[in-house]
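**Q** My structure is stored as my_file_6.txt, with compact mmCIF, C-alpha atoms and all ligand atoms.
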```txt
# COMPACT_ATOMS: atom_id res chain seq x y z
CA MET A 1 -1.32 139.57 -71.47
CA ARG A 2 1.09 137.18 -69.83
CA LEU A 3 3.59 135.31 -71.98
CA ALA A 4 2.42 131.87 -70.83
CA GLU A 5 -1.14 132.74 -71.82
CA LEU A 6 -0.01 134.00 -75.23
CA LYS A 7 1.99 130.84 -75.80
CA ASP A 8 -1.09 128.67 -75.15
CA LYS A 9 -3.44 130.86 -77.16
CA LEU A 10 -1.24 130.75 -80.26
CA SER A 11 -0.02 127.17 -79.74
CA LEU A 12 3.59 128.30 -79.67
CA LYS A 13 6.28 125.82 -78.74
CA SER A 14 8.88 126.83 -76.16
CA LEU A 15 12.46 125.73 -76.82
CA ASN A 16 13.60 126.59 -73.30
CA ASP A 17 11.89 127.47 -70.01
CA VAL A 18 9.09 130.00 -70.17
CA TYR A 19 10.11 133.02 -68.12
CA ASP A 20 6.66 134.45 -67.66
CA LYS A 21 6.41 138.19 -68.25
CA ASP A 22 3.90 140.77 -69.39
CA VAL A 23 3.59 141.15 -73.15
CA GLU A 24 2.59 144.61 -74.27
CA GLY A 25 3.34 144.57 -77.98
CA ALA A 26 5.19 142.95 -80.85
CA PHE A 27 7.98 143.95 -83.19
CA VAL A 28 8.85 142.22 -86.45
CA SER A 29 12.34 142.38 -87.93
CA ASP A 30 15.35 140.33 -88.93
CA MET A 31 17.74 143.24 -88.45
CA VAL A 32 19.13 143.78 -84.96
CA SER A 33 19.57 147.56 -85.23
CA ASP A 34 15.97 147.86 -86.34
CA VAL A 35 14.88 146.20 -83.10
CA MET A 36 17.20 148.50 -81.13
CA ALA A 37 15.59 151.50 -82.80
CA GLY A 38 11.97 150.49 -82.74
CA ALA A 39 11.01 147.76 -80.28
CA LYS A 40 9.19 148.96 -77.19
CA PRO A 41 9.91 147.30 -73.82
CA ALA A 42 7.86 144.14 -73.13
CA SER A 43 7.38 143.38 -76.83
CA VAL A 44 7.70 139.95 -78.37
CA TRP A 45 10.29 139.95 -81.16
CA VAL A 46 9.06 138.04 -84.18
CA THR A 47 11.97 136.99 -86.40
CA THR A 48 13.55 134.33 -88.58
CA GLN A 49 16.90 135.25 -87.02
CA THR A 50 18.25 132.48 -84.77
CA HIS A 51 21.86 133.55 -84.32
CA LYS A 52 22.99 133.75 -80.68
CA ASN A 53 23.42 137.51 -81.02
CA VAL A 54 19.65 137.90 -80.73
CA VAL A 55 19.91 137.08 -77.02
CA ALA A 56 21.99 140.05 -75.84
CA ALA A 57 20.18 142.40 -78.21
CA ALA A 58 16.76 141.26 -77.00
CA ASN A 59 17.64 141.68 -73.35
CA LEU A 60 19.15 145.11 -73.83
CA VAL A 61 15.80 146.46 -75.04
CA ASP A 62 13.73 144.37 -72.58
CA ILE A 63 12.11 142.06 -75.11
CA ALA A 64 9.57 139.74 -73.41
CA ALA A 65 10.34 136.75 -75.68
CA VAL A 66 11.63 135.88 -79.13
CA ILE A 67 9.26 134.09 -81.51
CA VAL A 68 11.01 132.28 -84.35
CA THR A 69 8.72 131.68 -87.32
CA ARG A 70 8.54 128.93 -89.98
CA GLY A 71 9.91 126.42 -87.52
CA ARG A 72 13.50 127.43 -88.10
CA PRO A 73 15.88 125.37 -85.98
CA VAL A 74 17.60 127.14 -83.09
CA SER A 75 21.03 125.93 -82.00
CA ASP A 76 21.68 124.59 -78.50
CA GLU A 77 24.28 127.33 -78.14
CA THR A 78 21.63 130.02 -78.67
CA LEU A 79 19.22 128.29 -76.30
CA GLU A 80 21.81 127.91 -73.55
CA MET A 81 22.67 131.57 -73.84
CA ALA A 82 18.97 132.48 -73.76
CA SER A 83 18.34 130.40 -70.65
CA ARG A 84 21.26 131.98 -68.87
CA ALA A 85 19.78 135.38 -69.70
CA GLU A 86 16.25 134.22 -68.80
CA LEU A 87 14.96 134.94 -72.28
CA THR A 88 12.20 132.69 -73.60
CA ILE A 89 12.57 131.40 -77.16
CA LEU A 90 9.32 130.28 -78.77
CA THR A 91 8.72 128.81 -82.21
CA THR A 92 5.85 128.32 -84.57
CA ASP A 93 5.53 126.53 -87.90
CA LEU A 94 3.52 129.49 -89.19
CA ASP A 95 5.16 132.09 -91.39
CA THR A 96 5.63 135.60 -90.02
CA TYR A 97 2.55 136.99 -91.80
CA SER A 98 0.21 134.36 -90.37
CA LEU A 99 1.67 134.59 -86.89
CA VAL A 100 1.38 138.36 -86.78
CA GLY A 101 -2.27 138.06 -87.83
CA LYS A 102 -2.87 135.77 -84.89
CA LEU A 103 -0.99 138.06 -82.50
CA HIS A 104 -3.18 140.91 -83.63
CA ALA A 105 -6.36 138.90 -83.23
CA ALA A 106 -5.25 137.90 -79.72
CA GLY A 107 -5.09 141.59 -78.80
CA VAL A 108 -1.31 142.07 -78.80
CA MET B 1 28.43 173.60 -61.45
CA SER B 2 30.69 171.13 -63.16
CA ASP B 3 30.60 167.61 -61.87
CA GLU B 4 33.94 166.64 -63.38
CA GLY B 5 36.02 164.92 -60.80
CA GLN B 6 33.06 163.52 -58.91
CA ILE B 7 33.36 160.15 -60.54
CA MET B 8 31.09 157.69 -58.74
CA LEU B 9 32.05 154.72 -60.85
CA ARG B 10 34.73 153.98 -63.39
CA GLU B 11 35.22 150.66 -65.14
CA THR B 12 37.25 149.54 -68.11
CA PHE B 13 36.50 146.68 -70.49
CA THR B 14 37.92 145.30 -73.69
CA VAL B 15 36.08 144.19 -76.80
CA ALA B 16 37.62 141.76 -79.27
CA GLY B 17 36.95 142.26 -82.97
CA GLY B 18 35.25 139.31 -84.63
CA ASP B 19 34.18 137.78 -81.33
CA PHE B 20 30.47 137.27 -82.01
CA SER B 21 30.20 134.75 -79.16
CA HIS B 22 30.65 137.44 -76.53
CA ALA B 23 29.20 140.35 -78.48
CA GLY B 24 26.98 142.51 -76.33
CA ARG B 25 28.63 141.52 -73.07
CA VAL B 26 30.03 144.95 -72.27
CA SER B 27 26.72 146.73 -72.91
CA THR B 28 24.86 144.08 -70.91
CA THR B 29 27.25 144.59 -67.97
CA ILE B 30 26.93 148.36 -68.17
CA LYS B 31 23.15 148.09 -68.28
CA SER B 32 23.04 146.01 -65.10
CA MET B 33 25.45 148.35 -63.31
CA LEU B 34 23.23 151.33 -64.13
CA LYS B 35 20.19 149.39 -62.95
CA GLN B 36 21.91 148.67 -59.67
CA ILE B 37 22.73 152.34 -59.17
CA GLY B 38 19.08 153.09 -59.82
CA PHE B 39 19.06 155.35 -62.86
CA PRO B 40 15.69 156.02 -64.54
CA SER B 41 14.81 153.26 -67.00
CA ALA B 42 14.76 155.66 -69.97
CA VAL B 43 18.35 156.69 -69.22
CA ILE B 44 19.43 153.07 -68.85
CA ARG B 45 17.73 152.17 -72.11
CA ARG B 46 19.39 154.97 -74.09
CA THR B 47 22.79 154.06 -72.69
CA ALA B 48 22.26 150.36 -73.40
CA ILE B 49 21.25 150.93 -77.02
CA ALA B 50 24.04 153.42 -77.80
CA THR B 51 26.68 151.25 -76.12
CA TYR B 52 25.47 148.09 -77.83
CA GLU B 53 25.63 149.65 -81.30
CA ALA B 54 29.14 150.98 -80.68
CA GLU B 55 30.24 147.62 -79.23
CA MET B 56 28.85 145.75 -82.26
CA ASN B 57 30.69 148.07 -84.62
CA VAL B 58 33.94 147.10 -82.89
CA VAL B 59 33.05 143.40 -83.17
CA VAL B 60 32.14 143.72 -86.84
CA TYR B 61 34.66 146.28 -88.14
CA ALA B 62 37.61 146.68 -85.76
CA ASP B 63 40.39 144.54 -84.29
CA ARG B 64 39.89 145.42 -80.66
CA ALA B 65 38.80 148.23 -78.37
CA ASP B 66 39.31 149.59 -74.89
CA VAL B 67 36.05 150.70 -73.34
CA THR B 68 35.85 153.20 -70.48
CA PHE B 69 32.62 153.58 -68.57
CA GLU B 70 32.32 156.54 -66.20
CA VAL B 71 29.42 157.67 -64.08
CA THR B 72 29.20 161.05 -62.39
CA PRO B 73 26.09 162.37 -60.63
CA LYS B 74 25.02 164.11 -63.85
CA THR B 75 26.40 162.10 -66.74
CA ILE B 76 27.08 158.62 -68.02
CA ARG B 77 29.99 158.43 -70.39
CA VAL B 78 31.07 155.45 -72.49
CA THR B 79 34.21 155.77 -74.61
CA LEU B 80 35.19 153.05 -77.07
CA ALA B 81 38.69 153.47 -78.47
CA ASP B 82 39.35 150.88 -81.15
CA GLN B 83 42.27 149.81 -83.26
CA GLY B 84 41.17 148.93 -86.74
CA GLN B 85 40.42 150.05 -90.24
CA GLY B 86 38.89 153.39 -89.25
CA ILE B 87 36.13 155.23 -91.09
CA ALA B 88 37.09 157.01 -94.30
CA ASP B 89 33.98 159.19 -94.67
CA LEU B 90 32.31 159.77 -91.34
CA GLU B 91 29.48 161.86 -92.76
CA LEU B 92 28.56 159.03 -95.11
CA ALA B 93 28.87 156.44 -92.33
CA MET B 94 26.44 158.44 -90.18
CA GLN B 95 23.73 158.25 -92.87
CA GLU B 96 20.92 155.85 -92.14
CA GLY B 97 21.18 152.85 -94.47
CA PHE B 98 24.88 153.20 -95.26
CA SER B 99 26.75 149.99 -94.51
CA THR B 100 29.82 148.14 -95.69
CA ALA B 101 28.70 144.88 -94.03
CA THR B 102 29.33 141.66 -95.95
CA ASP B 103 26.57 139.15 -96.79
CA GLU B 104 27.81 136.94 -93.98
CA ILE B 105 27.36 139.78 -91.48
CA ARG B 106 23.90 140.57 -92.88
CA GLU B 107 22.82 136.98 -92.39
CA MET B 108 23.46 137.43 -88.68
CA GLY B 109 21.13 140.42 -88.64
CA PHE B 110 23.66 143.24 -88.84
CA GLY B 111 24.35 145.74 -91.62
CA ALA B 112 21.14 147.77 -91.75
CA GLY B 113 23.26 150.90 -91.53
CA MET B 114 21.33 151.98 -88.48
CA GLY B 115 23.90 151.59 -85.71
CA LEU B 116 25.55 155.00 -85.84
CA PRO B 117 22.18 156.78 -86.32
CA ASN B 118 20.86 154.84 -83.31
CA ILE B 119 23.82 156.03 -81.24
CA LYS B 120 23.23 159.61 -82.36
CA ARG B 121 19.53 159.42 -81.49
CA ASN B 122 20.11 158.00 -78.01
CA ALA B 123 23.16 159.99 -76.92
CA ASP B 124 22.97 163.54 -75.61
CA GLU B 125 26.46 164.13 -76.95
CA LEU B 126 28.39 162.10 -79.48
CA GLU B 127 31.97 162.61 -80.56
CA ILE B 128 33.59 160.38 -83.15
CA ASN B 129 37.21 160.61 -84.22
CA SER B 130 38.60 158.24 -86.78
CA GLU B 131 41.77 157.70 -88.71
CA VAL B 132 41.92 155.27 -91.60
CA GLY B 133 44.22 152.36 -90.86
CA VAL B 134 44.56 153.35 -87.20
CA GLY B 135 41.18 153.24 -85.49
CA THR B 136 38.07 154.96 -84.27
CA THR B 137 37.12 156.54 -80.95
CA VAL B 138 33.44 156.88 -80.12
CA LYS B 139 32.58 158.98 -77.07
CA ILE B 140 28.97 158.73 -75.91
CA THR B 141 27.59 161.02 -73.22
CA ILE B 142 24.16 160.57 -71.68
CA ASN B 143 22.66 163.06 -69.24
CA ALA B 144 21.70 161.08 -66.20
CA GLY B 145 18.68 163.15 -65.23
CA GLU B 146 16.34 161.80 -67.97
N1 LIG C 1 34.34 151.17 -85.32
C1 LIG C 1 34.30 151.19 -86.67
N2 LIG C 1 35.41 150.92 -87.39
C2 LIG C 1 35.39 150.94 -88.73
N3 LIG C 1 34.29 151.20 -89.46
C3 LIG C 1 33.15 151.47 -88.81
C4 LIG C 1 33.09 151.46 -87.38
N4 LIG C 1 31.82 151.78 -87.02
C5 LIG C 1 31.13 151.95 -88.15
N5 LIG C 1 31.91 151.77 -89.24
C6 LIG C 1 31.53 151.94 -90.66
O1 LIG C 1 30.34 152.73 -90.72
C7 LIG C 1 29.29 152.01 -91.38
C8 LIG C 1 27.96 152.37 -90.77
O2 LIG C 1 27.90 151.91 -89.40
P1 LIG C 1 26.49 151.61 -88.72
O3 LIG C 1 26.72 151.09 -87.36
O4 LIG C 1 25.63 152.82 -88.85
O5 LIG C 1 25.85 150.50 -89.67
P2 LIG C 1 26.24 148.94 -89.81
O6 LIG C 1 27.12 148.54 -88.69
O7 LIG C 1 26.78 148.74 -91.17
O8 LIG C 1 24.82 148.25 -89.69
P3 LIG C 1 23.96 148.05 -88.33
O9 LIG C 1 24.64 148.87 -87.27
O10 LIG C 1 22.60 148.57 -88.67
O11 LIG C 1 23.99 146.59 -88.04
C9 LIG C 1 29.68 150.55 -91.25
O12 LIG C 1 29.11 149.73 -92.25
C10 LIG C 1 31.21 150.64 -91.36
O13 LIG C 1 31.59 150.77 -92.71
MG MG C 2 26.62 149.00 -86.69
```
Kindly return the structure encoded in the file as structure tokens.
**A**
Amino acid sequence: MRLAELKDKLSLKSLNDVYDKDVEGAFVSDMVSDVMAGAKPASVWVTTQTHKNVVAAANLVDIAAVIVTRGRPVSDETLEMASRAELTILTTDLDTYSLVGKLHAAGV
Amino acid sequence: MSDEGQIMLRETFTVAGGDFSHAGRVSTTIKSMLKQIGFPSAVIRRTAIATYEAEMNVVVYADRADVTFEVTPKTIRVTLADQGQGIADLELAMQEGFSTATDEIREMGFGAGMGLPNIKRNADELEINSEVGVGTTVKITINAGE
């Protein structure tokens, strides 16, 4: 599925430009090394982590987009860094459990 | 046949301890250089992950490091020589889940105690030398042919 399609299907809000990519899976974690160890390329990274360090980490393992749950605010600094790296940051008001259920139902 | 001496590319970088704003920059640069050369994506990925974990350990635990990145036709080698507190018990540090990260560090998503095991898993060869109060040298070798 394409990222733009997933965003619409799950009513996700984008905090920067949507850099449309293929989405082939999802990985849930708030620990960066866990993502390094386990996230497959083209996954969406579901997290409550909003620190700017997520940007470099996400790009190093070819994450398709970061989805921040429970509507946590993301700083302009993080968003600027993400845009420079062409990484889409999406948010939802849902908690991680509910969002992952929806991702699953959408076929991710 | 040894390919020592046939260095195709050699770059040096520095990493500043505590500089979370630029953390990951060296590994990101190395990743794009390898992409440009045209290495297989699995090789690039393993190098990127191992380098990132070693770079983050410098940012979190050391004062500074000199990083050397060397590419030969057969190997990719990244050496991070830091000045800092060093590692007292390397065997313990290598164990998955062992971490001395503070709560502040954990809030940023680090301190799972998975960095060194991730380096070990992704590198074909790993050599770590450390002296308490002096620093740590991490030498990562990746075989370029997948
Ligand atoms: N360059 C270094 N200098 C000093 N101590 C280090 C260095 N690298 C690792 N350590 C020590 O080894 C421990 C384990 O490192 P490791 O990278 O496996 O986990 P972590 O950094 O604590 O957590 P994570 O990497 O999962 O975010 C660290 O908590 C730290 O005590
Ligand atoms: Mg670490």
**Q** Residues of chain B within 7 Å of chain A, counting only C-alpha atoms - could you list those as a PDB file with C-alpha atoms, in the coordinates of the input?
**A**
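Resulting contents of result03.pdb:
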```pdb
ATOM      1  CA  ALA B  23      29.200 140.350 -78.480  1.00  0.00           C
ATOM      2  CA  GLY B  24      26.980 142.510 -76.330  1.00  0.00           C
ATOM      3  CA  THR B  28      24.860 144.080 -70.910  1.00  0.00           C
ATOM      4  CA  ARG B  45      17.730 152.170 -72.110  1.00  0.00           C
ATOM      5  CA  ALA B  48      22.260 150.360 -73.400  1.00  0.00           C
ATOM      6  CA  ILE B  49      21.250 150.930 -77.020  1.00  0.00           C
ATOM      7  CA  MET B 108      23.460 137.430 -88.680  1.00  0.00           C
ATOM      8  CA  GLY B 109      21.130 140.420 -88.640  1.00  0.00           C
ATOM      9  CA  PHE B 110      23.660 143.240 -88.840  1.00  0.00           C
ATOM     10  CA  ALA B 112      21.140 147.770 -91.750  1.00  0.00           C
ATOM     11  CA  MET B 114      21.330 151.980 -88.480  1.00  0.00           C
ATOM     12  CA  GLY B 115      23.900 151.590 -85.710  1.00  0.00           C
ATOM     13  CA  ASN B 118      20.860 154.840 -83.310  1.00  0.00           C
TER      14      ASN B 118
END
```
**Q** Taking only C-alpha atoms and all ligand atoms into account, which residues are within 6 Å of ligand MG 2 (chain C), as a ChimeraX atom specification?
**A** /B:53,56-57,115
**Q** Compile the contact shell of A:Gly25 as a list of chain:residue names: residues with an atom at most 7 Å away, counting all atoms listed in the file, same-chain residues fewer than 3 positions apart removed.
**A** A:Ala42, A:Ser43, A:Val44, A:Val108
**Q** Around ligand LIG 1 (chain C), with edges along x, y and z and 3 Å added on all six sides, what centre and edge lengths do you get, in Å to one decimal, as JSON?
**A**
```
{"center_x": 29.0, "center_y": 149.7, "center_z": -89.0, "size_x": 18.8, "size_y": 12.2, "size_z": 13.4}
```
**Q** If the limit is 6 Å from any atom of ligand LIG 1 (chain C), counting only C-alpha atoms and all ligand atoms, which residues qualify? Return them as number ranges by chain.
**A** A: 33; B: 57-58, 61-62, 85-87, 93-94, 98-101, 110-117, 136
**Q** Atom CA of A:Thr88 to atom CA of B:Arg106: how many Å, to one decimal?
**A**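 Value for the atom CA of A:Thr88-atom CA of B:Arg106 distance: 23.9 Å.
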